[in-house]
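So this block is target.csv, CSV, C-alpha atoms:
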```
chain,number,residue,atom,x,y,z
A,1,THR,CA,0.0,0.0,0.0
A,2,CYS,CA,1.0,3.6,-0.5
A,3,LEU,CA,-1.3,4.7,2.4
A,4,VAL,CA,-0.9,4.4,6.1
A,5,ARG,CA,-2.7,5.8,9.2
A,6,VAL,CA,-0.9,6.8,12.5
A,7,GLY,CA,-3.5,7.9,15.0
A,8,GLU,CA,-5.5,10.8,13.4
A,9,THR,CA,-2.8,11.4,10.7
A,10,VAL,CA,-2.7,9.8,7.3
A,11,PHE,CA,0.4,9.5,5.1
A,12,ALA,CA,0.5,8.8,1.3
A,13,SER,CA,3.4,8.3,-1.1
A,14,GLY,CA,3.3,9.4,-4.7
A,15,LEU,CA,5.4,9.8,-7.8
A,16,GLU,CA,6.7,12.8,-9.7
A,17,THR,CA,7.4,12.1,-13.3
A,18,LEU,CA,10.6,13.8,-14.5
A,19,LYS,CA,10.5,15.6,-17.8
A,20,ASP,CA,14.2,15.4,-18.4
A,21,ALA,CA,14.6,11.7,-17.8
A,22,LYS,CA,13.5,8.8,-20.1
A,23,PRO,CA,11.7,5.7,-18.9
A,24,LEU,CA,12.1,3.4,-17.2
A,25,ASN,CA,13.8,5.3,-14.3
A,26,ASN,CA,12.0,8.6,-14.8
A,27,CYS,CA,10.2,9.1,-11.4
A,28,ARG,CA,10.9,10.3,-7.9
A,29,TRP,CA,8.9,9.6,-4.7
A,30,MET,CA,6.9,12.1,-2.8
A,31,LEU,CA,5.5,11.9,0.8
A,32,PHE,CA,2.2,13.6,1.8
A,33,ARG,CA,0.5,14.0,5.1
A,34,ARG,CA,-3.1,14.6,6.0
A,35,ASP,CA,-4.2,15.9,9.4
A,36,HIS,CA,-7.0,18.2,10.6
A,37,LYS,CA,-5.5,20.9,8.4
A,38,GLY,CA,-5.8,18.9,5.2
A,39,TRP,CA,-3.2,17.5,2.8
A,40,GLN,CA,0.3,18.8,2.4
A,41,LYS,CA,3.5,17.6,0.8
A,42,VAL,CA,6.0,16.7,3.6
A,43,THR,CA,9.1,16.0,1.5
A,44,MET,CA,10.3,14.4,-1.7
A,45,ASP,CA,13.3,12.8,-3.3
A,46,GLU,CA,15.6,15.5,-4.6
A,47,THR,CA,18.3,13.5,-6.4
A,48,GLY,CA,17.3,9.9,-7.1
A,49,ARG,CA,15.3,8.3,-9.8
A,50,THR,CA,13.2,5.2,-9.8
A,51,ARG,CA,10.6,3.2,-11.8
A,52,GLU,CA,7.9,1.9,-9.4
A,53,PRO,CA,5.7,3.3,-6.7
A,54,CYS,CA,7.1,3.3,-3.2
A,55,PRO,CA,5.2,1.3,-0.5
A,56,LEU,CA,4.7,2.7,3.0
A,57,ALA,CA,4.6,1.1,6.4
A,58,ALA,CA,4.0,2.6,9.8
A,59,PHE,CA,4.2,1.9,13.6
A,60,PRO,CA,1.8,3.4,16.2
A,61,THR,CA,4.9,4.9,17.8
A,62,ASN,CA,5.0,7.7,15.3
A,63,ARG,CA,7.3,6.1,12.8
A,64,VAL,CA,6.7,6.0,9.0
A,65,PHE,CA,8.8,4.0,6.6
A,66,LEU,CA,9.0,4.2,2.8
A,67,SER,CA,10.5,1.6,0.5
A,68,ALA,CA,12.7,3.1,-2.2
A,69,ASN,CA,14.5,1.5,-5.1
A,70,PRO,CA,16.7,4.2,-6.7
A,71,THR,CA,18.6,3.4,-9.9
A,72,LEU,CA,22.4,3.3,-9.7
A,73,VAL,CA,22.6,4.4,-13.4
A,74,LYS,CA,23.6,8.1,-13.8
A,75,ASP,CA,22.6,8.4,-17.4
A,76,VAL,CA,19.0,9.8,-17.5
A,77,ASN,CA,18.6,8.4,-21.0
A,78,ALA,CA,19.5,4.8,-20.0
A,79,TYR,CA,16.5,2.4,-20.3
A,80,ALA,CA,17.4,0.0,-17.4
A,81,GLY,CA,20.2,-1.0,-15.0
A,82,PRO,CA,21.1,-1.9,-11.4
A,83,ALA,CA,19.2,-0.5,-8.4
A,84,ARG,CA,19.7,-0.3,-4.6
A,85,PRO,CA,16.8,-1.1,-2.3
A,86,GLU,CA,16.5,1.4,0.6
A,87,ILE,CA,14.2,1.8,3.6
A,88,LEU,CA,13.6,5.5,4.6
A,89,GLU,CA,12.3,6.3,8.1
A,90,PHE,CA,10.5,9.5,8.9
A,91,SER,CA,10.1,10.6,12.5
A,92,ILE,CA,6.7,12.2,13.2
A,93,ALA,CA,7.0,12.7,16.9
A,94,ASN,CA,5.9,16.2,16.4
A,95,PRO,CA,3.1,16.1,13.8
A,96,ALA,CA,2.8,19.9,13.8
A,97,GLN,CA,6.2,20.1,12.1
A,98,PRO,CA,6.8,18.7,8.6
A,99,ALA,CA,9.4,15.9,8.5
A,100,GLN,CA,12.1,17.3,6.3
A,101,MET,CA,14.7,14.7,7.2
A,102,PHE,CA,14.8,11.0,7.2
A,103,GLN,CA,17.1,8.1,8.1
A,104,THR,CA,18.1,5.6,5.4
A,105,PHE,CA,18.5,1.9,6.1
A,106,LEU,CA,20.1,-0.5,3.6
A,107,PRO,CA,18.7,-4.0,4.0
A,108,ALA,CA,21.2,-6.7,4.7
A,109,TRP,CA,20.7,-9.3,2.0
A,110,LYS,CA,22.0,-12.9,1.6
A,111,GLY,CA,25.0,-12.6,-0.6
A,112,LYS,CA,25.1,-9.9,-3.3
A,113,PRO,CA,21.8,-10.1,-5.3
A,114,GLN,CA,21.7,-8.2,-8.5
A,115,PHE,CA,18.6,-5.9,-8.1
A,116,SER,CA,17.2,-3.9,-11.0
A,117,GLU,CA,14.4,-1.3,-11.6
A,118,HIS,CA,11.9,-4.2,-11.9
A,119,SER,CA,11.7,-4.9,-8.2
A,120,TYR,CA,8.1,-6.1,-7.7
A,121,ARG,CA,8.9,-5.5,-4.0
A,122,SER,CA,6.7,-5.8,-1.0
A,123,LEU,CA,7.0,-4.1,2.4
A,124,ALA,CA,5.1,-5.5,5.4
A,125,ALA,CA,5.0,-4.4,9.0
A,126,ASP,CA,3.9,-5.7,12.4
A,127,GLY,CA,2.8,-2.5,14.0
A,128,GLN,CA,2.5,-4.0,17.4
A,129,SER,CA,6.0,-5.5,17.6
A,130,GLY,CA,7.8,-2.9,15.4
A,131,ASN,CA,9.1,-5.4,12.9
A,132,LEU,CA,9.5,-5.0,9.2
A,133,VAL,CA,10.1,-7.4,6.3
A,134,ILE,CA,10.8,-6.6,2.7
A,135,PHE,CA,10.7,-8.8,-0.4
A,136,GLN,CA,12.3,-8.0,-3.7
A,137,ASN,CA,12.3,-10.1,-6.8
A,138,VAL,CA,15.5,-11.1,-8.6
A,139,GLY,CA,14.9,-12.1,-12.2
A,140,TYR,CA,12.6,-15.1,-12.7
A,141,THR,CA,14.0,-17.5,-10.0
A,142,HIS,CA,13.3,-16.1,-6.6
A,143,ALA,CA,12.7,-13.2,-4.2
A,144,GLU,CA,15.2,-12.0,-1.7
A,145,TRP,CA,13.9,-11.0,1.7
A,146,ALA,CA,15.2,-9.3,4.8
A,147,PHE,CA,13.8,-8.9,8.3
A,148,MET,CA,14.3,-5.8,10.5
A,149,ASN,CA,13.5,-5.9,14.2
A,150,GLY,CA,12.2,-3.1,16.4
A,151,ASN,CA,15.8,-2.0,17.1
A,152,ALA,CA,16.4,-1.4,13.3
A,153,ASN,CA,18.7,-4.4,13.0
A,154,TRP,CA,18.5,-6.7,10.0
A,155,ILE,CA,18.7,-9.9,12.0
A,156,VAL,CA,17.9,-12.5,9.3
A,157,GLN,CA,17.6,-12.7,5.5
A,158,GLY,CA,17.0,-15.4,2.9
A,159,GLN,CA,15.5,-16.3,-0.4
A,160,LEU,CA,12.0,-17.4,-1.4
A,161,GLN,CA,12.3,-19.8,-4.3
A,162,TRP,CA,9.4,-19.8,-6.8
A,163,PRO,CA,7.2,-22.9,-7.3
A,164,TRP,CA,8.2,-25.1,-10.2
A,165,GLY,CA,6.1,-25.3,-13.3
A,166,ALA,CA,6.8,-28.9,-14.3
A,167,GLU,CA,3.6,-29.1,-16.3
A,168,TYR,CA,4.5,-26.3,-18.7
A,169,ASP,CA,5.6,-27.0,-22.3
A,170,GLN,CA,9.0,-25.8,-21.2
A,171,PRO,CA,9.3,-26.5,-17.4
A,172,GLN,CA,10.4,-23.4,-15.5
A,173,PRO,CA,10.1,-21.5,-12.2
A,174,ILE,CA,6.8,-19.8,-11.8
A,175,ARG,CA,7.7,-16.2,-10.9
A,176,ILE,CA,5.3,-14.8,-8.4
A,177,CYS,CA,4.4,-11.0,-8.5
A,178,TYR,CA,2.0,-8.5,-7.0
A,179,PRO,CA,1.8,-10.3,-3.7
A,180,ASN,CA,-0.1,-9.5,-0.5
A,181,VAL,CA,2.4,-10.0,2.4
A,182,ALA,CA,1.6,-9.9,6.1
A,183,LEU,CA,3.9,-10.1,9.1
A,184,GLN,CA,2.5,-11.1,12.5
A,185,ASP,CA,4.4,-12.3,15.6
A,186,ARG,CA,7.4,-13.1,13.3
A,187,ALA,CA,5.2,-15.3,11.1
A,188,VAL,CA,5.1,-14.3,7.4
A,189,TYR,CA,2.3,-14.9,5.0
A,190,PHE,CA,2.7,-14.4,1.2
A,191,CYS,CA,0.1,-14.7,-1.6
A,192,GLY,CA,0.8,-13.7,-5.2
A,193,VAL,CA,0.0,-14.4,-8.8
A,194,SER,CA,2.0,-16.1,-11.5
A,195,ASP,CA,3.9,-13.7,-13.9
A,196,VAL,CA,5.7,-15.6,-16.6
A,197,GLN,CA,5.9,-15.3,-20.3
A,198,GLU,CA,3.0,-17.2,-21.9
A,199,PRO,CA,4.0,-20.9,-21.1
A,200,ASN,CA,1.5,-22.5,-23.6
A,201,LEU,CA,3.6,-22.4,-26.8
A,202,LYS,CA,0.5,-22.7,-29.1
A,203,TRP,CA,-1.1,-19.8,-27.4
A,204,ARG,CA,2.1,-17.8,-27.4
A,205,ALA,CA,2.4,-18.2,-31.2
A,206,TYR,CA,-1.3,-17.3,-31.7
A,207,LYS,CA,-1.0,-14.2,-29.5
A,208,LYS,CA,2.0,-13.0,-31.5
A,209,GLU,CA,-0.1,-13.3,-34.6
A,210,LEU,CA,-2.7,-11.0,-33.0
A,211,THR,CA,-0.5,-8.5,-31.3
A,212,GLY,CA,2.8,-8.6,-33.2
A,213,ARG,CA,4.7,-8.8,-29.9
A,214,ASP,CA,7.2,-11.5,-29.0
A,215,TRP,CA,6.0,-11.4,-25.4
A,216,ASP,CA,2.8,-11.9,-23.5
A,217,TYR,CA,2.6,-12.6,-19.8
A,218,ASP,CA,0.5,-15.0,-17.8
A,219,PHE,CA,-1.4,-13.9,-14.6
A,220,ARG,CA,-3.6,-16.9,-14.0
A,221,ARG,CA,-2.4,-19.0,-11.0
A,222,LEU,CA,-2.7,-17.8,-7.4
A,223,PHE,CA,-0.1,-19.2,-5.0
A,224,TYR,CA,0.3,-19.0,-1.2
A,225,THR,CA,3.0,-19.9,1.3
A,226,TRP,CA,3.9,-18.9,4.8
A,227,MET,CA,6.7,-19.2,7.4
A,228,PRO,CA,5.7,-19.8,11.1
A,229,ASP,CA,8.9,-18.1,12.3
A,230,ILE,CA,10.9,-15.9,10.0
A,231,THR,CA,14.1,-16.5,12.1
A,232,SER,CA,14.0,-20.1,10.9
A,233,GLY,CA,14.3,-18.9,7.3
A,234,THR,CA,12.1,-21.8,6.0
A,235,PHE,CA,8.9,-21.3,4.1
A,236,ARG,CA,6.2,-24.0,3.9
A,237,PRO,CA,5.5,-25.7,0.6
A,238,TRP,CA,3.5,-23.7,-1.9
A,239,ILE,CA,-0.3,-24.0,-2.1
A,240,GLU,CA,-2.1,-23.2,-5.4
A,241,LEU,CA,-5.2,-21.5,-4.3
A,242,ALA,CA,-6.8,-20.9,-7.7
A,243,SER,CA,-6.0,-21.4,-11.4
A,244,ARG,CA,-7.4,-20.3,-14.7
A,245,GLU,CA,-4.7,-22.1,-16.6
A,246,ARG,CA,-7.1,-24.3,-18.7
A,247,THR,CA,-8.8,-21.4,-20.5
A,248,GLY,CA,-6.1,-18.7,-20.3
A,249,GLY,CA,-8.0,-16.5,-17.8
A,250,TRP,CA,-6.7,-13.9,-15.4
A,251,ILE,CA,-6.3,-13.7,-11.6
A,252,THR,CA,-5.6,-10.6,-9.6
A,253,PRO,CA,-4.6,-10.7,-5.9
A,254,GLY,CA,-6.8,-8.5,-3.7
A,255,ASP,CA,-5.9,-8.7,0.0
A,256,LEU,CA,-4.8,-10.8,2.9
A,257,TRP,CA,-5.6,-10.6,6.6
A,258,VAL,CA,-4.3,-12.8,9.5
A,259,ALA,CA,-7.0,-13.0,12.2
A,260,PRO,CA,-6.1,-13.2,15.9
A,261,ASP,CA,-7.0,-16.9,15.8
A,262,GLY,CA,-4.3,-17.5,13.2
A,263,LEU,CA,-6.8,-18.0,10.3
A,264,VAL,CA,-5.6,-16.4,7.1
A,265,HIS,CA,-8.3,-14.6,5.0
A,266,ILE,CA,-7.6,-14.1,1.3
A,267,VAL,CA,-9.6,-12.3,-1.4
A,268,TRP,CA,-8.9,-12.1,-5.1
A,269,THR,CA,-10.6,-11.6,-8.5
A,270,GLU,CA,-10.8,-14.1,-11.4
A,271,ARG,CA,-11.7,-13.8,-15.1
A,272,ALA,CA,-12.5,-17.2,-16.5
A,273,LEU,CA,-10.9,-16.9,-20.0
A,274,ASP,CA,-9.0,-14.9,-22.6
A,275,GLU,CA,-11.6,-14.1,-25.2
A,276,ARG,CA,-8.9,-13.6,-27.8
A,277,LEU,CA,-8.2,-17.4,-27.6
A,278,ARG,CA,-11.8,-18.6,-27.2
A,279,PRO,CA,-12.8,-19.0,-30.9
A,280,LYS,CA,-9.7,-21.1,-31.8
A,281,PHE,CA,-9.0,-23.1,-28.6
A,282,PHE,CA,-12.1,-23.4,-26.4
A,283,PRO,CA,-15.2,-22.1,-28.3
A,284,SER,CA,-17.8,-23.5,-26.0
A,285,GLU,CA,-16.5,-21.9,-22.8
A,286,LYS,CA,-18.4,-19.1,-21.0
A,287,GLN,CA,-16.9,-16.0,-19.7
A,288,SER,CA,-17.3,-15.1,-16.0
A,289,HIS,CA,-15.8,-12.6,-13.5
A,290,ALA,CA,-15.7,-13.4,-9.8
A,291,LEU,CA,-14.6,-11.9,-6.5
A,292,ASN,CA,-13.5,-14.9,-4.5
A,293,TYR,CA,-12.6,-15.5,-0.9
A,294,ALA,CA,-10.8,-18.3,1.0
A,295,VAL,CA,-9.6,-19.1,4.5
A,296,VAL,CA,-6.4,-20.9,5.1
A,297,ARG,CA,-5.5,-22.7,8.4
A,298,ARG,CA,-1.8,-23.4,8.4
A,299,ASP,CA,-1.3,-25.5,5.2
A,300,GLN,CA,-5.0,-26.2,4.3
A,301,VAL,CA,-7.8,-24.2,2.6
A,302,VAL,CA,-10.7,-24.7,5.0
A,303,LEU,CA,-13.3,-22.5,3.4
A,304,ARG,CA,-14.2,-20.9,0.0
A,305,ARG,CA,-16.8,-18.4,-1.0
A,306,THR,CA,-17.7,-16.4,-4.1
A,307,LEU,CA,-18.6,-12.9,-3.0
A,308,CYS,CA,-19.7,-11.5,-6.3
A,309,LEU,CA,-20.1,-13.2,-9.7
A,310,ALA,CA,-20.9,-12.1,-13.2
A,311,GLU,CA,-21.6,-14.9,-15.8
A,312,GLU,CA,-22.0,-14.6,-19.5
A,313,GLY,CA,-25.8,-14.7,-20.3
A,314,LYS,CA,-26.7,-14.2,-16.6
A,315,SER,CA,-25.6,-11.4,-14.2
A,316,ASN,CA,-23.5,-8.6,-15.6
A,317,GLU,CA,-22.5,-7.1,-12.3
A,318,VAL,CA,-18.7,-7.4,-12.8
A,319,PRO,CA,-16.6,-7.3,-9.6
A,320,GLY,CA,-13.3,-5.5,-9.5
A,321,ARG,CA,-10.5,-5.7,-7.0
A,322,GLY,CA,-11.5,-6.1,-3.3
A,323,ARG,CA,-9.7,-5.0,-0.2
A,324,PHE,CA,-10.2,-6.0,3.5
A,325,HIS,CA,-11.0,-3.6,6.2
A,326,VAL,CA,-10.7,-4.6,9.9
A,327,THR,CA,-12.3,-2.8,12.8
A,328,PRO,CA,-10.9,-2.7,16.4
A,329,ASP,CA,-13.3,-5.5,17.4
A,330,HIS,CA,-12.0,-7.6,14.5
A,331,ARG,CA,-15.1,-7.4,12.3
A,332,LEU,CA,-14.0,-8.1,8.7
A,333,PHE,CA,-15.3,-6.2,5.8
A,334,VAL,CA,-14.6,-6.3,2.0
A,335,LEU,CA,-14.7,-3.2,-0.1
A,336,TYR,CA,-14.8,-3.7,-3.8
A,337,TYR,CA,-15.7,-2.1,-7.1
A,338,VAL,CA,-18.6,-3.2,-9.4
A,339,SER,CA,-19.1,-2.2,-13.0
A,340,GLY,CA,-21.2,-3.5,-15.9
A,341,SER,CA,-25.0,-3.3,-15.6
A,342,ASP,CA,-27.8,-4.3,-13.1
A,343,ARG,CA,-30.7,-6.7,-13.7
A,344,GLU,CA,-32.7,-3.9,-15.4
A,345,GLY,CA,-29.9,-3.1,-17.7
A,346,HIS,CA,-28.8,0.2,-16.1
A,347,ALA,CA,-25.1,1.0,-16.1
A,348,LEU,CA,-23.2,0.2,-12.9
A,349,ALA,CA,-20.1,1.9,-11.5
A,350,GLU,CA,-20.1,1.8,-7.7
A,351,ASN,CA,-18.2,0.6,-4.6
A,352,ARG,CA,-19.8,-2.0,-2.3
A,353,LEU,CA,-19.1,-3.1,1.2
A,354,LEU,CA,-20.0,-6.4,2.8
A,355,GLU,CA,-19.1,-8.1,6.0
A,356,ILE,CA,-17.7,-11.6,6.4
A,357,LYS,CA,-19.0,-13.0,9.7
A,358,ALA,CA,-17.9,-15.9,11.9
A,359,GLY,CA,-17.9,-19.2,10.1
A,360,GLY,CA,-17.6,-17.6,6.7
A,361,GLU,CA,-21.2,-16.3,6.6
A,362,VAL,CA,-21.3,-13.5,4.0
A,363,GLY,CA,-23.6,-10.5,4.9
A,364,PRO,CA,-25.5,-8.5,2.4
A,365,SER,CA,-23.6,-6.0,0.3
A,366,VAL,CA,-24.4,-2.2,0.5
A,367,ARG,CA,-23.5,0.6,-1.9
A,368,VAL,CA,-21.0,3.0,-0.6
A,369,PRO,CA,-22.4,6.5,-1.4
A,370,LEU,CA,-19.4,8.1,-3.1
A,371,LYS,CA,-20.0,10.6,-5.8
A,372,ARG,CA,-17.3,8.9,-7.9
A,373,PRO,CA,-16.4,5.3,-7.0
A,374,PHE,CA,-12.8,4.1,-6.7
A,375,THR,CA,-11.9,1.6,-9.5
A,376,GLU,CA,-8.4,0.8,-8.1
A,377,PHE,CA,-7.3,1.7,-4.6
A,378,PHE,CA,-5.1,1.2,-1.6
A,379,THR,CA,-6.2,1.1,2.0
A,380,ALA,CA,-4.5,1.8,5.3
A,381,THR,CA,-4.1,-1.9,6.1
A,382,PRO,CA,-2.7,-3.8,9.1
A,383,ARG,CA,-0.3,-5.4,6.6
A,384,ALA,CA,1.5,-2.1,6.6
A,385,GLY,CA,1.3,-1.5,10.3
A,386,SER,CA,-1.9,0.6,10.4
A,387,LEU,CA,-4.1,-0.4,13.4
A,388,PRO,CA,-7.6,-1.6,12.9
A,389,ALA,CA,-10.0,1.3,12.8
A,390,ILE,CA,-13.6,2.4,12.3
A,391,THR,CA,-12.3,4.7,9.6
A,392,LEU,CA,-11.7,3.2,6.2
A,393,ASP,CA,-9.1,5.2,4.2
A,394,LEU,CA,-8.9,4.9,0.4
A,395,LEU,CA,-6.2,6.2,-2.0
A,396,GLY,CA,-6.4,5.5,-5.8
A,397,LEU,CA,-8.2,6.1,-9.1
A,398,GLN,CA,-11.8,7.1,-9.4
A,399,ALA,CA,-14.2,6.2,-12.2
A,400,GLY,CA,-13.8,8.7,-15.1
A,401,SER,CA,-10.2,9.6,-14.4
A,402,SER,CA,-7.0,7.8,-15.3
A,403,THR,CA,-4.6,10.5,-14.1
A,404,ASN,CA,-5.8,11.9,-10.8
A,405,ILE,CA,-5.0,10.1,-7.5
A,406,CYS,CA,-7.8,10.7,-5.0
A,407,TYR,CA,-8.5,10.1,-1.3
A,408,ALA,CA,-11.6,9.2,0.6
A,409,ARG,CA,-12.4,8.5,4.2
A,410,ILE,CA,-15.4,6.3,5.1
A,411,GLY,CA,-16.8,5.9,8.7
A,412,LEU,CA,-18.1,2.5,9.7
A,413,PHE,CA,-20.6,2.7,12.6
```
Go through the file and emit its structure as structure tokens.
Amino acid sequence: TCLVRVGETVFASGLETLKDAKPLNNCRWMLFRRDHKGWQKVTMDETGRTREPCPLAAFPTNRVFLSANPTLVKDVNAYAGPARPEILEFSIANPAQPAQMFQTFLPAWKGKPQFSEHSYRSLAADGQSGNLVIFQNVGYTHAEWAFMNGNANWIVQGQLQWPWGAEYDQPQPIRICYPNVALQDRAVYFCGVSDVQEPNLKWRAYKKELTGRDWDYDFRRLFYTWMPDITSGTFRPWIELASRERTGGWITPGDLWVAPDGLVHIVWTERALDERLRPKFFPSEKQSHALNYAVVRRDQVVLRRTLCLAEEGKSNEVPGRGRFHVTPDHRLFVLYYVSGSDREGHALAENRLLEIKAGGEVGPSVRVPLKRPFTEFFTATPRAGSLPAITLDLLGLQAGSSTNICYARIGLF
């Protein structure tokens, strides 16, 4: 997430696009703060350049962290090159004064991994214990990770090896990207989607005929793993939670929450098939879009639910990405976007909220009365150290705009 809450103050990270630098490393991070006076820019990068958004984490003890990945290439016209992961800490002990200075921590890695601008990194925090963990991909084989304790010491590091795709036409590691990562009591939970070049060689050749590109990436298998104690350095075997491999569909991770009883709640979206491939390879298959939910206990999926479903020829209420929100009394809500049309054929574009109750019972969904719904959004999540709250903070894109980043605050009573 690029949004965290510390008490009554909200922080957001953003990107400035540099006019005098060419992609990929043509951005700089910015840090914003919102309190009772409204939003203001606290500080920004003055010298570095990067490619990707910069995740945030926070502790209730007035500490905010930003994950940066500045390029080490000096040439502003260079397309790619090596990068150096950094964790920046901002002290906000006196919220009345903008934090102009920060402290930089360089994670201690295993060996000397060759990081680049394509980091696919994840920053997770345990706000109660004051611990941090960062994951950063290296090529197509694994992710490097490093764990920092509350005393700002990098006490353990290691590698997360990707699951093996033995069933592919050309067996290979299944790179996992865009994960939801949680850290709780030194246990780590990791759920992400496959991101490899199209592994079905017949489909790859056909897609090239359609697009003219030599590449096309697969995002259709959802994998989960966890580590009971990060100091052991050993992850449990991968679990494949969902797959749309047979019909070339699409899966997008949504969110992950670890409940006090240790149950891991996971939400994601699925699209059944790639309609470009349907006429040639699976003409009888029907399209569907689903917002799905599962609960994992240790190494087993113990519950599954479909929270919203659009099916070809039936409902056309198409669910978008969902995020969890947790209240101080551990009530679990899912906020998600819906587009398409309702039963009467009226156009839909709205956010909905539903509660998942004990035992997996799903409550009725209600429309969130925003003037413009959020289509893609971050929340101030416990995965980044924000405490459970009755206030639901959103940061992201609203319907009708692809350029403006917006903020909303919703009270749950």
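Shortest atom-to-atom contact with A:Phe11 among A:Val73, A:Leu123, A:Arg63, A:Leu24: A:Arg63, counting all atoms listed in the file.
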Practice task
Give as a VMD selection string each residue that has an atom at most 10 Å from (-14.8, -2.8, 2.1) in the file, counting all atoms listed in the file.
Solution key: chain A and resid 322 to 326 332 to 337 351 to 355 365 to 366 368 379 392 394 410 412
Export, as a compact mmCIF listing (two decimals), keeping the file's coordinate frame, the selected residues with C-alpha atoms.
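File produced: part_32.txt:
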```txt
# COMPACT_ATOMS: atom_id res chain seq x y z
CA GLY A 322 -11.50 -6.10 -3.30
CA ARG A 323 -9.70 -5.00 -0.20
CA PHE A 324 -10.20 -6.00 3.50
CA HIS A 325 -11.00 -3.60 6.20
CA VAL A 326 -10.70 -4.60 9.90
CA LEU A 332 -14.00 -8.10 8.70
CA PHE A 333 -15.30 -6.20 5.80
CA VAL A 334 -14.60 -6.30 2.00
CA LEU A 335 -14.70 -3.20 -0.10
CA TYR A 336 -14.80 -3.70 -3.80
CA TYR A 337 -15.70 -2.10 -7.10
CA ASN A 351 -18.20 0.60 -4.60
CA ARG A 352 -19.80 -2.00 -2.30
CA LEU A 353 -19.10 -3.10 1.20
CA LEU A 354 -20.00 -6.40 2.80
CA GLU A 355 -19.10 -8.10 6.00
CA SER A 365 -23.60 -6.00 0.30
CA VAL A 366 -24.40 -2.20 0.50
CA VAL A 368 -21.00 3.00 -0.60
CA THR A 379 -6.20 1.10 2.00
CA LEU A 392 -11.70 3.20 6.20
CA LEU A 394 -8.90 4.90 0.40
CA ILE A 410 -15.40 6.30 5.10
CA LEU A 412 -18.10 2.50 9.70
```
Exercise for the section: One decimal, Å: what's the distance from atom CA of A:Asp218 over to atom CA of A:Ala290, could you say? Expected result: 18.1 Å
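For A:Thr375, the set of protein, DNA and RNA residues having any atom at most 12 Å away, when counting all atoms listed in the file and skipping those fewer than 4 positions along the same chain, is Val318, Pro319, Gly320, Arg321, Gly322, Arg323, Leu335, Tyr336, Tyr337, Val338, Ser339, Leu348, Ala349, Glu350, Asn351, Arg352, Leu370, Leu394, Leu395, Gly396, Leu397, Gln398, Ala399, Gly400, Ser401, Ser402, Ile405 and Cys406 of chain A.
We find atom CA of A:Lys22 and atom CA of A:Ser119 to be spaced 18.2 Å apart.
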Handout entry: Atom-to-atom span, atom CA of A:Ile92 and atom CA of A:Pro107, Å
Key = 22.2 Å
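Residue nearest A:Val362, chosen from A:Leu56, A:Cys308, A:Ala108, A:Ala389 and counting all atoms listed in the file: A:Cys308.
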Exercise for the section: Anything within 7 Å of (16.9, 2.6, -6.7): list those residues as a count of residues only, counting all atoms listed in the file and sticking to the file's coordinates. Expected result: 11
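Minimum atom-to-atom distances from A:Leu303, A:Ala125, A:Met148, A:Leu3 to A:Arg383 were compared using only C-alpha atoms, and the lowest value belongs to A:Ala125.
Counting only C-alpha atoms, the residue from A:Thr211, A:Gln157, A:Asn292, A:Ser129 that sits nearest to A:Thr231 is A:Gln157.
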Exercise for the section: Just the residues within 6 Å of stretch 197-204 of chain A, please, counting all atoms listed in the file, with nothing from its chain fewer than 4 positions along; format it as a ChimeraX atom specification. Expected result: /A:168,216-218
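Those residues that approach A:Thr9 to within 6 Å, counting only C-alpha atoms, are Arg5, Arg34 and Asp35 of chain A; same-chain residues fewer than 4 positions away are not listed.
For the residues A:Ala408, A:Ala358, A:Ala21, A:Ala152, ranking by smallest atom-to-atom distance to A:Arg51 using all atoms listed in the file places A:Ala21 first.
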Handout entry: Shell of 6 Å around A:Ile266, only C-alpha atoms, local chain residues under 2 positions omitted, as a PyMOL selection string
Key = chain A and resi 255-256+293-294
Problem - Residue among A:Ala242, A:Val193, A:Ala310, A:Val76 lying closest to A:Leu18, counting all atoms listed in the file - result: A:Val76
Exercise for the section: Within 12 Å of A:Asn62, counting all atoms listed in the file, which residues show up once you throw out same-chain ones fewer than 3 positions away? Write them as a list in words, please. Expected result: Val4, Arg5, Val6, Gly7, Glu8, Thr9, Val10, Phe11, Ala57, Ala58, Phe59, Phe65, Glu89, Phe90, Ser91, Ile92, Ala93, Asn94, Pro95, Ala99, Gly127, Gly130, Gly385 and Ser386 of chain A
Block slice stretch 310-323 of chain A, C-alpha atoms, emitted as a PDB file, in the first residue's frame:
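What landed in result13.pdb:
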```pdb
ATOM      1  CA  ALA A 310     -20.907 -12.083 -13.242  1.00  0.00           C
ATOM      2  CA  GLU A 311     -21.597 -14.854 -15.763  1.00  0.00           C
ATOM      3  CA  GLU A 312     -22.044 -14.628 -19.506  1.00  0.00           C
ATOM      4  CA  GLY A 313     -25.755 -14.720 -20.285  1.00  0.00           C
ATOM      5  CA  LYS A 314     -26.677 -14.160 -16.640  1.00  0.00           C
ATOM      6  CA  SER A 315     -25.623 -11.441 -14.190  1.00  0.00           C
ATOM      7  CA  ASN A 316     -23.506  -8.623 -15.595  1.00  0.00           C
ATOM      8  CA  GLU A 317     -22.484  -7.070 -12.263  1.00  0.00           C
ATOM      9  CA  VAL A 318     -18.736  -7.359 -12.806  1.00  0.00           C
ATOM     10  CA  PRO A 319     -16.611  -7.259  -9.631  1.00  0.00           C
ATOM     11  CA  GLY A 320     -13.282  -5.474  -9.543  1.00  0.00           C
ATOM     12  CA  ARG A 321     -10.510  -5.713  -6.980  1.00  0.00           C
ATOM     13  CA  GLY A 322     -11.473  -6.123  -3.333  1.00  0.00           C
ATOM     14  CA  ARG A 323      -9.683  -5.024  -0.161  1.00  0.00           C
TER      15      ARG A 323
END
```
